[in-house]
Each structure stands twice: as C-alpha cells, then as structure tokens.
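Shown here: my_file.txt, compact mmCIF, C-alpha atoms.
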# COMPACT_ATOMS: atom_id res chain seq x y z
CA MET A 1 12.63 6.03 -0.18
CA THR A 2 12.18 7.28 -3.75
CA LEU A 3 10.62 3.93 -4.72
CA VAL A 4 8.13 4.17 -1.84
CA LEU A 5 7.08 7.70 -2.76
CA THR A 6 6.76 6.87 -6.46
CA ALA A 7 4.79 3.69 -5.76
CA ALA A 8 2.48 5.60 -3.41
CA LEU A 9 1.79 8.19 -6.10
CA ARG A 10 1.10 5.61 -8.78
CA SER A 11 -1.05 3.44 -6.52
CA SER A 12 -3.13 6.56 -5.84
CA VAL A 13 -3.92 6.68 -9.55
CA VAL A 14 -5.23 3.10 -9.34
CA ILE A 15 -7.26 3.83 -6.20
CA VAL A 16 -8.86 6.98 -7.60
CA ALA A 17 -9.78 5.14 -10.80
CA ALA A 18 -11.27 2.29 -8.72
CA TRP A 19 -13.24 4.74 -6.57
CA ILE A 20 -14.77 6.27 -9.70
CA GLY A 21 -15.49 2.80 -11.06
CA ALA A 22 -17.13 1.73 -7.80
CA ARG A 23 -19.47 4.72 -7.99
CA GLY A 24 -20.49 3.53 -11.44
CA LEU A 25 -21.19 0.07 -10.00
CA SER A 26 -23.30 1.39 -7.13
CA ARG A 27 -26.35 -0.64 -8.21
CA ALA A 28 -24.34 -3.78 -8.90
CA PRO A 29 -24.09 -6.55 -6.28
CA ALA A 30 -21.76 -5.68 -3.42
CA ALA A 31 -19.76 -8.82 -4.18
CA LEU A 32 -18.58 -7.22 -7.43
CA ARG A 33 -17.38 -4.07 -5.68
CA ARG A 34 -15.66 -6.18 -3.03
CA ARG A 35 -13.78 -7.98 -5.79
CA LEU A 36 -12.84 -4.62 -7.26
CA TRP A 37 -11.29 -3.42 -3.99
CA VAL A 38 -9.56 -6.75 -3.40
CA ALA A 39 -7.95 -6.35 -6.81
CA VAL A 40 -6.94 -2.78 -5.96
CA VAL A 41 -5.27 -3.83 -2.69
CA CYS A 42 -3.41 -6.65 -4.44
CA ALA A 43 -2.37 -4.42 -7.33
CA SER A 44 -1.15 -1.67 -5.00
CA GLY A 45 0.94 -4.20 -3.12
CA VAL A 46 2.39 -5.68 -6.30
CA LEU A 47 3.16 -2.31 -7.90
CA PRO A 48 6.44 -1.57 -6.01
CA MET A 49 7.76 -5.04 -6.85
CA ALA A 50 6.71 -4.63 -10.49
CA MET A 51 8.53 -1.30 -10.60
CA MET A 52 11.70 -2.90 -9.23
CA ALA A 53 11.42 -5.81 -11.66
CA ALA A 54 11.05 -3.36 -14.54
CA ASP A 55 14.11 -1.39 -13.51
CA ARG A 56 15.85 -0.11 -16.58
CA VAL A 57 18.87 -1.95 -17.94
CA PRO A 58 21.24 -0.02 -20.24
CA THR A 59 22.02 -1.51 -23.64
CA GLY A 60 25.71 -0.62 -23.85
CA GLY A 61 28.80 0.25 -21.84
CA LEU A 62 28.54 3.17 -19.46
CA ALA A 63 30.76 6.22 -19.89
CA PRO A 64 31.62 7.74 -16.51
CA LEU A 65 31.46 11.47 -15.94
CA ARG A 66 34.06 12.56 -13.45
CA LEU A 67 33.78 15.16 -10.74
CA VAL A 68 36.42 16.11 -8.13
CA ALA A 69 35.07 17.42 -4.83
CA ILE A 70 37.50 19.57 -2.88
CA ALA A 71 36.82 20.10 0.81
CA PRO A 72 35.98 23.76 1.50
CA SER A 73 37.29 25.73 4.43
CA GLN A 74 33.80 25.67 5.97
CA VAL A 75 31.14 23.02 5.70
CA GLU A 76 28.00 24.02 3.83
CA THR A 77 25.35 23.84 6.56
CA ALA A 78 22.51 24.17 4.07
CA ILE A 79 23.60 21.04 2.20
CA ALA A 80 24.26 19.20 5.44
CA GLY A 81 20.79 20.18 6.61
CA THR A 82 19.27 18.89 3.39
CA ILE A 83 21.04 15.57 3.80
CA GLN A 84 19.85 15.30 7.39
CA ASN A 85 16.29 16.18 6.35
CA PHE A 86 16.36 13.45 3.70
CA ALA A 87 17.58 10.94 6.28
CA TRP A 88 14.94 12.04 8.76
CA LEU A 89 12.26 11.53 6.12
CA ALA A 90 13.23 7.86 5.86
CA VAL A 91 13.37 7.57 9.66
CA VAL A 92 9.88 9.04 10.06
CA TRP A 93 8.51 6.70 7.39
CA ALA A 94 10.11 3.66 9.02
CA ALA A 95 8.80 4.73 12.42
CA GLY A 96 5.25 4.97 11.06
CA VAL A 97 5.53 1.55 9.42
CA THR A 98 6.90 -0.01 12.59
CA LEU A 99 4.21 1.53 14.78
CA LEU A 100 1.32 0.36 12.58
CA LEU A 101 2.73 -3.13 12.07
CA ALA A 102 3.30 -3.42 15.82
CA ARG A 103 -0.31 -2.42 16.40
CA LEU A 104 -1.47 -5.07 13.93
CA ALA A 105 0.75 -7.69 15.55
CA SER A 106 -0.64 -6.76 18.96
CA SER A 107 -4.17 -7.20 17.63
CA LEU A 108 -3.28 -10.64 16.27
CA VAL A 109 -1.84 -11.65 19.63
CA ARG A 110 -5.02 -10.41 21.31
CA ILE A 111 -7.36 -12.36 19.04
CA VAL A 112 -5.25 -15.51 19.51
CA ARG A 113 -5.57 -15.16 23.28
CA VAL A 114 -9.30 -14.57 23.01
CA THR A 115 -9.65 -17.68 20.85
CA ARG A 116 -7.71 -19.83 23.31
CA ALA A 117 -10.01 -18.69 26.10
CA ALA A 118 -13.18 -19.34 24.07
CA VAL A 119 -15.64 -22.03 25.19
CA ARG A 120 -17.31 -24.57 22.88
CA ARG A 121 -21.05 -24.89 23.47
CA ASP A 122 -23.57 -26.54 21.18
CA ASP A 123 -22.66 -25.49 17.66
CA ALA A 124 -20.24 -22.61 18.17
CA TRP A 125 -17.32 -21.05 20.05
CA TYR A 126 -18.18 -18.34 22.57
CA ALA A 127 -15.83 -15.67 23.92
CA SER A 128 -16.52 -13.17 26.67
CA ASP A 129 -13.96 -10.72 25.26
CA VAL A 130 -15.71 -10.11 21.95
CA ALA A 131 -18.80 -7.93 21.64
CA THR A 132 -19.70 -8.85 18.07
CA PRO A 133 -19.33 -12.02 15.98
CA VAL A 134 -15.87 -12.16 14.41
CA THR A 135 -13.90 -14.45 12.17
CA TRP A 136 -10.17 -14.69 11.64
CA GLY A 137 -7.57 -17.08 10.28
CA LEU A 138 -6.72 -18.49 6.87
CA MET A 139 -5.81 -22.17 6.98
CA ARG A 140 -8.09 -22.95 9.93
CA PRO A 141 -10.51 -20.02 10.18
CA VAL A 142 -12.27 -19.48 13.48
CA ILE A 143 -15.72 -18.00 14.09
CA LEU A 144 -16.25 -16.51 17.55
CA LEU A 145 -19.64 -15.49 18.95
CA PRO A 146 -20.06 -13.13 21.91
CA ALA A 147 -20.82 -14.92 25.19
CA TYR A 148 -24.16 -13.11 25.55
CA THR A 149 -25.50 -14.87 22.41
CA ALA A 150 -25.19 -18.31 24.04
CA GLU A 151 -28.66 -17.88 25.50
CA TRP A 152 -30.22 -16.95 22.17
CA PRO A 153 -32.35 -19.45 20.26
CA ALA A 154 -30.41 -21.54 17.75
CA GLU A 155 -32.16 -19.82 14.84
CA ARG A 156 -30.89 -16.40 15.90
CA ARG A 157 -27.34 -17.66 16.41
CA ARG A 158 -27.46 -19.30 12.99
CA VAL A 159 -27.99 -15.88 11.39
CA LEU A 160 -24.78 -14.62 12.98
CA VAL A 161 -22.80 -17.71 12.05
CA ARG A 162 -24.00 -17.62 8.44
CA HIS A 163 -22.80 -14.03 8.08
CA GLU A 164 -19.33 -14.99 9.32
CA GLU A 165 -19.30 -18.09 7.10
CA ALA A 166 -19.76 -15.80 4.12
CA HIS A 167 -16.56 -13.99 5.14
CA VAL A 168 -14.73 -17.30 5.49
CA GLU A 169 -15.85 -18.53 2.06
CA HIS A 170 -14.41 -15.45 0.38
CA HIS A 171 -11.18 -15.24 2.48
CA ASP A 172 -12.14 -11.76 3.64
CA TRP A 173 -9.82 -11.92 6.65
CA LEU A 174 -6.81 -12.38 4.36
CA TRP A 175 -7.74 -9.41 2.17
CA LEU A 176 -8.40 -7.13 5.14
CA ILE A 177 -5.06 -8.03 6.71
CA ALA A 178 -3.37 -7.33 3.37
CA ALA A 179 -5.09 -3.93 3.35
CA ARG A 180 -3.79 -3.22 6.86
CA ILE A 181 -0.24 -4.05 5.78
CA LEU A 182 -0.66 -1.82 2.73
CA CYS A 183 -1.82 1.03 5.01
CA ALA A 184 1.20 0.48 7.24
CA THR A 185 3.58 0.63 4.28
CA PHE A 186 2.01 3.74 2.74
CA TRP A 187 0.64 5.28 5.94
CA PHE A 188 1.31 8.80 4.66
CA ASN A 189 -0.94 8.30 1.62
CA PRO A 190 -4.65 9.00 2.32
CA ALA A 191 -5.66 7.05 -0.79
CA VAL A 192 -4.63 3.68 0.65
CA TRP A 193 -6.69 4.32 3.79
CA VAL A 194 -9.68 5.07 1.56
CA ALA A 195 -9.10 1.79 -0.29
CA ALA A 196 -8.91 -0.16 2.98
CA TRP A 197 -12.09 1.48 4.27
CA GLU A 198 -13.94 0.77 1.02
CA LEU A 199 -12.82 -2.85 1.11
CA ARG A 200 -14.04 -3.34 4.67
CA ARG A 201 -17.38 -1.71 3.87
CA GLU A 202 -17.95 -3.80 0.74
CA THR A 203 -17.00 -7.06 2.49
CA GLU A 204 -19.75 -6.44 5.05
CA ARG A 205 -22.27 -5.47 2.39
CA ALA A 206 -21.43 -8.58 0.36
CA ALA A 207 -21.80 -10.84 3.40
CA ASP A 208 -25.17 -9.22 4.15
CA ASP A 209 -26.30 -9.81 0.57
CA GLU A 210 -25.23 -13.45 0.68
CA VAL A 211 -27.27 -14.11 3.82
CA LEU A 212 -30.33 -12.32 2.43
CA ALA A 213 -30.03 -14.12 -0.93
CA GLU A 214 -30.71 -17.37 0.93
CA GLY A 215 -34.18 -16.13 1.83
CA LEU A 216 -33.78 -14.68 5.33
CA ASP A 217 -36.31 -11.98 6.18
CA ALA A 218 -34.66 -8.58 5.69
CA GLU A 219 -36.35 -6.90 8.68
CA LEU A 220 -35.36 -9.76 10.98
CA TYR A 221 -31.76 -9.64 9.78
CA ALA A 222 -31.58 -5.85 10.18
CA SER A 223 -32.96 -6.18 13.69
CA GLU A 224 -30.29 -8.71 14.65
CA LEU A 225 -27.58 -6.49 13.15
CA VAL A 226 -28.71 -3.49 15.21
CA ASN A 227 -28.95 -5.64 18.32
CA VAL A 228 -25.37 -6.83 17.93
CA ALA A 229 -24.17 -3.31 17.11
CA ARG A 230 -25.48 -2.04 20.45
CA HIS A 231 -23.04 -4.35 22.22
CA ALA A 232 -20.21 -3.57 19.79
CA ALA A 233 -20.15 0.23 20.21
CA SER A 234 -16.69 0.20 21.82
CA PHE A 235 -15.30 -2.97 20.26
CA ALA A 236 -12.41 -2.83 17.80
CA ALA A 237 -10.91 -5.88 16.08
CA PRO A 238 -8.41 -4.77 13.44
CA ALA A 239 -7.04 -8.33 13.19
CA ALA A 240 -10.47 -9.96 12.70
CA VAL A 241 -13.55 -9.48 10.55
CA ALA A 242 -16.28 -8.07 12.81
CA MET A 243 -19.96 -8.38 11.91
CA ALA A 244 -21.20 -5.07 13.27
CA THR A 245 -19.52 -1.78 14.07
CA GLY A 246 -21.13 1.62 14.27
CA ALA A 247 -19.21 3.28 11.42
CA VAL A 248 -21.49 2.14 8.56
CA LEU A 249 -24.41 0.62 10.45
CA GLU A 250 -27.10 3.00 9.20
CA ASP A 251 -26.02 2.56 5.60
CA ARG A 252 -26.05 -1.23 5.94
CA VAL A 253 -29.53 -1.29 7.47
CA LEU A 254 -30.91 0.87 4.66
CA ARG A 255 -29.35 -1.41 2.07
CA ILE A 256 -30.65 -4.52 3.79
CA LEU A 257 -34.19 -3.12 3.72
CA ASP A 258 -33.94 -1.97 0.09
CA VAL A 259 -35.94 -4.63 -1.76
CA ARG A 260 -34.85 -3.26 -5.16
CA ARG A 261 -31.20 -3.95 -4.53
CA ARG A 262 -29.53 -6.82 -6.36
CA ARG A 263 -28.17 -9.57 -4.11
CA GLY A 264 -25.94 -12.54 -4.59
CA PRO A 265 -22.94 -13.13 -6.83
CA SER A 266 -22.30 -11.23 -10.05
CA HIS A 267 -21.70 -12.88 -13.40
CA ILE A 268 -18.20 -14.32 -13.85
CA VAL A 269 -17.65 -12.06 -16.88
CA TRP A 270 -18.10 -8.97 -14.71
CA ARG A 271 -15.86 -10.40 -11.99
CA LEU A 272 -13.07 -11.07 -14.45
CA ALA A 273 -13.60 -7.70 -16.11
CA VAL A 274 -13.06 -5.62 -12.95
CA VAL A 275 -9.90 -7.53 -12.03
CA ALA A 276 -8.56 -7.22 -15.57
CA ALA A 277 -9.32 -3.49 -15.61
CA VAL A 278 -7.37 -2.89 -12.40
CA PHE A 279 -4.29 -4.78 -13.55
CA ALA A 280 -4.54 -3.28 -17.03
CA LEU A 281 -4.06 0.09 -15.31
CA VAL A 282 -1.17 -1.15 -13.18
CA VAL A 283 0.83 -2.53 -16.12
CA PRO A 284 1.47 0.83 -17.84
CA LEU A 285 2.17 2.48 -14.47
CA ALA A 286 4.90 -0.07 -13.81
CA ALA A 287 6.01 -0.09 -17.43
CA ARG A 288 6.77 3.63 -17.28
CA GLN A 289 9.76 2.48 -15.29
CA SER A 290 11.00 0.35 -18.21
CA GLN A 291 11.27 2.80 -21.10
CA ARG A 292 14.28 2.58 -23.40
CA VAL A 293 17.47 3.82 -21.80
CA TYR A 294 20.47 4.47 -24.03
CA ALA A 295 24.11 4.24 -23.06
CA VAL A 296 27.18 6.00 -24.38
CA GLY A 297 28.40 3.86 -27.26
CA ASP A 298 24.95 3.05 -28.65
CA ALA A 299 24.71 3.61 -32.39
CA GLY A 300 23.61 7.11 -33.36
CA LEU A 301 23.66 8.47 -29.80
CA GLU A 302 24.95 11.95 -29.08
CA PRO A 303 25.83 11.66 -25.35
CA PRO A 304 24.53 14.19 -22.82
CA ARG A 305 26.73 17.13 -21.88
CA ALA A 306 26.81 18.78 -18.47
CA VAL A 307 26.02 22.50 -18.74
CA TYR A 308 25.69 23.27 -15.02
CA LYS A 309 27.47 21.57 -12.12
CA THR A 310 27.46 21.91 -8.37
CA THR A 311 30.32 20.72 -6.21
CA PRO A 312 29.45 18.30 -3.41
CA ARG A 313 30.59 19.33 0.04
CA TYR A 314 32.17 17.43 2.85
CA THR A 315 30.09 16.80 5.91
CA ARG A 316 31.58 18.01 9.19
CA GLU A 317 31.89 14.42 10.46
CA ALA A 318 33.76 13.28 7.31
CA MET A 319 36.19 16.19 7.54
CA GLN A 320 36.93 15.46 11.19
CA ALA A 321 37.46 11.77 10.36
CA ARG A 322 39.75 12.72 7.43
CA ILE A 323 37.78 10.51 5.00
CA GLU A 324 38.90 10.56 1.38
CA GLY A 325 37.90 8.43 -1.58
CA THR A 326 35.39 7.99 -4.38
CA VAL A 327 31.63 7.62 -4.42
CA ILE A 328 30.43 5.96 -7.63
CA LEU A 329 26.90 6.88 -8.70
CA ASP A 330 24.74 5.29 -11.38
CA ALA A 331 22.14 7.64 -12.80
CA GLU A 332 20.11 8.49 -15.87
CA VAL A 333 19.96 11.80 -17.67
CA SER A 334 16.35 12.40 -18.66
CA GLU A 335 15.02 13.92 -21.84
CA GLU A 336 14.74 17.20 -19.89
CA GLY A 337 18.43 17.15 -18.98
CA VAL A 338 17.97 16.24 -15.31
CA ALA A 339 19.81 13.45 -13.50
CA ASP A 340 17.33 11.08 -11.84
CA ASN A 341 17.11 7.49 -10.60
CA ILE A 342 20.41 8.16 -8.86
CA ARG A 343 21.81 5.10 -7.10
CA VAL A 344 24.96 4.66 -5.04
CA GLU A 345 27.01 1.94 -6.75
CA GLN A 346 30.05 2.27 -4.50
CA SER A 347 29.68 3.80 -1.06
CA LEU A 348 32.30 5.79 0.83
CA ASP A 349 30.53 7.28 3.84
CA GLU A 350 26.80 7.73 4.48
CA GLY A 351 27.03 11.50 4.72
CA LEU A 352 29.33 11.82 1.69
CA ASP A 353 27.13 9.43 -0.31
CA GLN A 354 24.13 11.67 0.29
CA SER A 355 26.16 14.78 -0.47
CA ALA A 356 27.18 13.30 -3.83
CA VAL A 357 23.58 12.33 -4.64
CA GLN A 358 22.31 15.79 -3.68
CA SER A 359 24.95 17.46 -5.83
CA LEU A 360 24.32 15.33 -8.93
CA ALA A 361 20.56 15.91 -8.61
CA GLN A 362 21.27 19.64 -9.10
CA TRP A 363 23.30 19.18 -12.28
CA ARG A 364 21.75 20.21 -15.59
CA PHE A 365 22.59 18.61 -18.92
CA GLU A 366 22.13 19.09 -22.60
CA PRO A 367 20.21 15.80 -23.04
CA GLY A 368 21.49 12.95 -25.18
CA ARG A 369 19.95 12.73 -28.65
CA VAL A 370 19.26 10.14 -31.32
CA ASP A 371 18.33 11.48 -34.76
CA GLY A 372 17.77 14.88 -33.13
CA ARG A 373 15.32 13.48 -30.56
CA ALA A 374 16.08 13.84 -26.85
CA VAL A 375 16.45 10.43 -25.19
CA ARG A 376 17.17 9.04 -21.75
CA VAL A 377 20.80 8.03 -21.23
CA ALA A 378 22.48 6.01 -18.47
CA VAL A 379 25.65 7.45 -16.95
CA THR A 380 28.12 6.65 -14.22
CA VAL A 381 29.56 9.48 -12.16
CA ASP A 382 32.74 9.12 -10.08
CA VAL A 383 32.66 11.68 -7.27
CA GLU A 384 36.07 12.03 -5.68
CA PHE A 385 36.36 13.51 -2.21
CA VAL A 386 39.85 14.87 -1.59
CA LEU A 387 41.01 16.85 1.43
CA ARG A 388 43.42 19.66 0.52

Represent the structure from my file as structure tokens, please.
Amino acid sequence: MTLVLTAALRSSVVIVAAWIGARGLSRAPAALRRRLWVAVVCASGVLPMAMMAADRVPTGGLAPLRLVAIAPSQVETAIAGTIQNFAWLAVVWAAGVTLLLARLASSLVRIVRVTRAAVRRDDAWYASDVATPVTWGLMRPVILLPAYTAEWPAERRRVLVRHEEAHVEHHDWLWLIAARILCATFWFNPAVWVAAWELRRETERAADDEVLAEGLDAELYASELVNVARHAASFAAPAAVAMATGAVLEDRVLRILDVRRRRGPSHIVWRLAVVAAVFALVVPLAARQSQRVYAVGDAGLEPPRAVYKTTPRYTREAMQARIEGTVILDAEVSEEGVADNIRVEQSLDEGLDQSAVQSLAQWRFEPGRVDGRAVRVAVTVDVEFVLR
C-alpha cells in the first residue's frame, strides 16, 4: 500500500508539470499535446515498476536490532484499531480498483456485443446501439457508425469515418484504455483523472485537426459534429473512442472554426522533446528510491542507535490463539532517525506482523553517520512475541 501511495504522489508531480507544459503549448497543434498526455499516462504507469526496480540494496551484512515483546495483561485497543484501520485502507483501495476495472470490463463486453450485432452496408459497419461514431480495438480495430447515418450521402459518412480513422492511425483506443486502467489503480488521486480527461480531449482535438488539414470545410465539419452530438447526448462508451460527446463540444466547435489555429502534425523534434521531458522528470522521481544505503560493517560507518522504543502489543486474536514466535523486519533508518521502508521478512501472524511494523515505525534513532554526516542505514529487527 505504501508503494501505491508513494507512486500516486510522485505521478502527481509529473501530471502537474505536464498540465503546466500543456498550457504553454496551447497554440501548438493538438497532436503535440496529445503526445504529451500519452507520455504522461505511460510514465505514470511505469513509475511504480521503476520504483520497485530501483529498490535499495544494502552494500554489507545487516546487523539485527533485537526487541522482545511481552504480552500485556490487556490488549492495547488503540494499537489494534490502528492496525485494523491500516488493513481497511488496503481493502477500500482494492475495492475501488475492482469496481472500476469491472466497469471497464463490462464496457468492453458491451462494445463486443454491439460489434457482433453490427450490419455491413456499403462501405461501413452500422450499429443501432451506438449514437455516435466509435472505434475500438488494437490488432483489428473496428469503426462503427450509428444506424441513422446509413441514409446519409456517402460524402457525409466519409467525414465521420475519416475522423475515426485518425484515431485508429494513432492507436488512441489503446492509450485511452491505458488511462482508464491508470485511473482504476490510482482512483483516489484526482491528478490521474485530470490526465485521463486531458488525454481524451486532446485526442479528439487532434483527430479534428487531421480531418481539417486535408482540406475539409470547417463550417461543414462543425455542423456534422453538432448533428452527431445531438444524438449522442446520453451515450457513454468508456471502452471505445467516441467522436462526439457533450462535455467539450462547444470548445471543439470554436477550435474548428478558428482559422488561425495550427493544424496537422508537429515537427518530430518537438514530438521527441515532449516525450523526453516527461521521462526526464520520471527518472529522478524513481531514482530517489535508489539513494545509497549503508549497512552495519561498511567502512567508516557509525551505526544508528535507538534512543526511543515502543513495545509492540499482542492482538486479542493472537493472545487467544496462544501464538508465540518472531517477526523479522527489514527496514532503513533515515538521516532523520526514523525507521521507514519497513518490510516483513519473516511473518508470524497478520495481526502481529502489523503490530511489529507499527511499533518500529514509532522508534526514534540517533542516525548512522559517515565522516560526521548522517546517512541512511539498513537494519534488521527481530521482534519476539512471548506470552508470559
């Protein structure tokens, strides 16, 4: 759970920086801003894995600190409550992830069923259950037109199809699905929802620009967009890329009619630059996880010394079950003398494991030092639970 919270915080830094950068690129082609947000979604997804890959490895043998926990006559309800609250936090997060992923899966099932029921006529597939042109799929992408457009002249239908083809060419469905998964993982973080919304908005703007760059009359295209949007007022397709929804319609129409706006692709130098900038920001955020960690036995190290300890308490369930034994914790004592990155190396009982972690987190240390400078030091703590 700590990794999820830390990754969410650090990805927020990337998203805020991208949002500021996108404002500075407001007059640039929409395709460039779309690329920026694609890079942000990818970087935010990679960040937790990069943090795990950069997990700190001590350079020497670990010196265990030992602590004996003696069962008290009464269980500390405050500590038990803290443990339960920590567990409930993970449960609530997992429930949110499950709910959102289930919703996405349901949407995918729905769009598959709609596609199977679609009818091929002339040059396109038509579906009665879609109210706006949509595209979905990666290996074999599908473009679906609403059934009511079957009676339109071929020229009008071609405008709709060309817009969806622009999405297919740039794999927009893949990036939007990735954004949905990112939102499900970090559902509690408003920043990732902003990133997903910005990505969806810029994909539509970029597709509009690509159609207009081919010479289509802007007023005619805007008229067709509004016409489709009237039918799509209540349509939602989270598992597909929809041409027209009401959320940003007015903004899109104004941009379509703005003759001063730059259309088409941006220069490759700019495209590479925005991607490089995003990942250049991610690298130090992940690298903060890989700073030098000393271990007892390293040359010149004065090991940390505990100056304040708390005794872990038995949970009521462990006392009733007469559980005894040792929980082994790996941790690091920071430059500030706080134990963090606490991990259970050897488990005894879920409740006792959490009690040991909670207790060690409250310890305070005189930090380890090298040449008088406070440094981060890896330690192992054996927490013995003994009933007396």

| field | Gap from atom CA of His170 of chain A to atom CA of Val194 of chain A - Å, one decimal | value |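 Atom-to-atom, atom CA of His170 of chain A and atom CA of Val194 of chain A are spaced 21.1 Å apart.
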
| task | Please identify all polymer residues within 10 Å of Glu214 of chain A, counting all atoms listed in the file, omitting same-chain residues fewer than 3 positions from it, and present them as JSON, numbers by chain. | result | {"A": [209, 210, 211, 217, 263, 264]}

| note | In terms of only C-alpha atoms, the residue from A:Leu145, A:Cys183, A:Ile268, A:Gly325 at minimal distance from Thr98 of chain A is A:Cys183

| remark: Of A:Ala277, A:Glu335, A:Ala318, A:Val159, the one sitting nearest Gly215 of chain A when using all atoms listed in the file is A:Val159

| request: Report the distance between atom CA of Leu9 of chain A and atom CA of Ala179 of chain A in Å, rounded to one decimal place. | output: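 If I compute the distance from atom CA of Leu9 of chain A to atom CA of Ala179 of chain A, I get 16.8 Å.
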
| Sphere at (-4.7, -4.6, -6.3), radius 10 Å, counting all atoms listed in the file: residues as number ranges by chain | A: 11, 14-15, 18, 35-47, 179, 195, 275, 278-279, 282

| query | Could you state the separation of atom CA of Val16 of chain A and atom CA of Val192 of chain A in Å, given to one decimal place? | reply |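 Atom CA of Val192 of chain A lies 9.8 Å from atom CA of Val16 of chain A.
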
Polymer residues at most 12 Å from Glu151 of chain A, all atoms listed in the file, same-chain spacing of 5 or more positions, as a PDB file with C-alpha atoms, in the frame of the given file:
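Dumped everything to out04.pdb:
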ATOM      1  CA  ARG A 121     -21.050 -24.890  23.470  1.00  0.00           C
ATOM      2  CA  ASP A 122     -23.570 -26.540  21.180  1.00  0.00           C
ATOM      3  CA  TYR A 126     -18.180 -18.340  22.570  1.00  0.00           C
ATOM      4  CA  LEU A 145     -19.640 -15.490  18.950  1.00  0.00           C
ATOM      5  CA  PRO A 146     -20.060 -13.130  21.910  1.00  0.00           C
ATOM      6  CA  ARG A 156     -30.890 -16.400  15.900  1.00  0.00           C
ATOM      7  CA  ARG A 157     -27.340 -17.660  16.410  1.00  0.00           C
TER       8      ARG A 157
END

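The shortest atom-to-atom distance to Gln320 of chain A, with all atoms listed in the file taken into account, belongs to A:Leu387 out of A:Leu25, A:Leu387, A:Leu249, A:Ala166.
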
| request: Rank A:Trp197, A:Phe385, A:Tyr294, A:Trp152 by their smallest atom-to-atom distance to Trp19 of chain A, using all atoms listed in the file, and report the top residue only. | output: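 Closest candidate: A:Trp197.
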
| task | May I ask which of the residues A:Trp187, A:Ala17, A:Glu164, A:Pro312 is the closest one to Leu5 of chain A, counting only C-alpha atoms? | result | A:Trp187

| task | Between A:Glu202, A:Asp208, A:Glu336, A:Glu324, single out the one closest to Ile256 of chain A, counting all atoms listed in the file. | result |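 Result for the nearest residue to Ile256 of chain A: A:Asp208.
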
Write out, as a Markdown table, each residue of segment 238-310 of chain A that has an atom at most 7 Å from segment 352-370 of chain A, together with the closest pair of atoms and their distance in Å to one decimal, counting only C-alpha atoms, rows going by chain and rising number.
| residue | atom | partner | partner_atom | distance |
| --- | --- | --- | --- | --- |
| A:Gly300 | CA | A:Val370 | CA | 5.7 |
| A:Leu301 | CA | A:Val370 | CA | 4.9 |
| A:Glu302 | CA | A:Arg369 | CA | 5.1 |
| A:Pro303 | CA | A:Gly368 | CA | 4.5 |
| A:Pro304 | CA | A:Gly368 | CA | 4.0 |
| A:Arg305 | CA | A:Glu366 | CA | 5.1 |
| A:Ala306 | CA | A:Phe365 | CA | 4.2 |
| A:Val307 | CA | A:Phe365 | CA | 5.2 |
| A:Tyr308 | CA | A:Arg364 | CA | 5.0 |
| A:Lys309 | CA | A:Trp363 | CA | 4.8 |
| A:Thr310 | CA | A:Ser359 | CA | 5.7 |
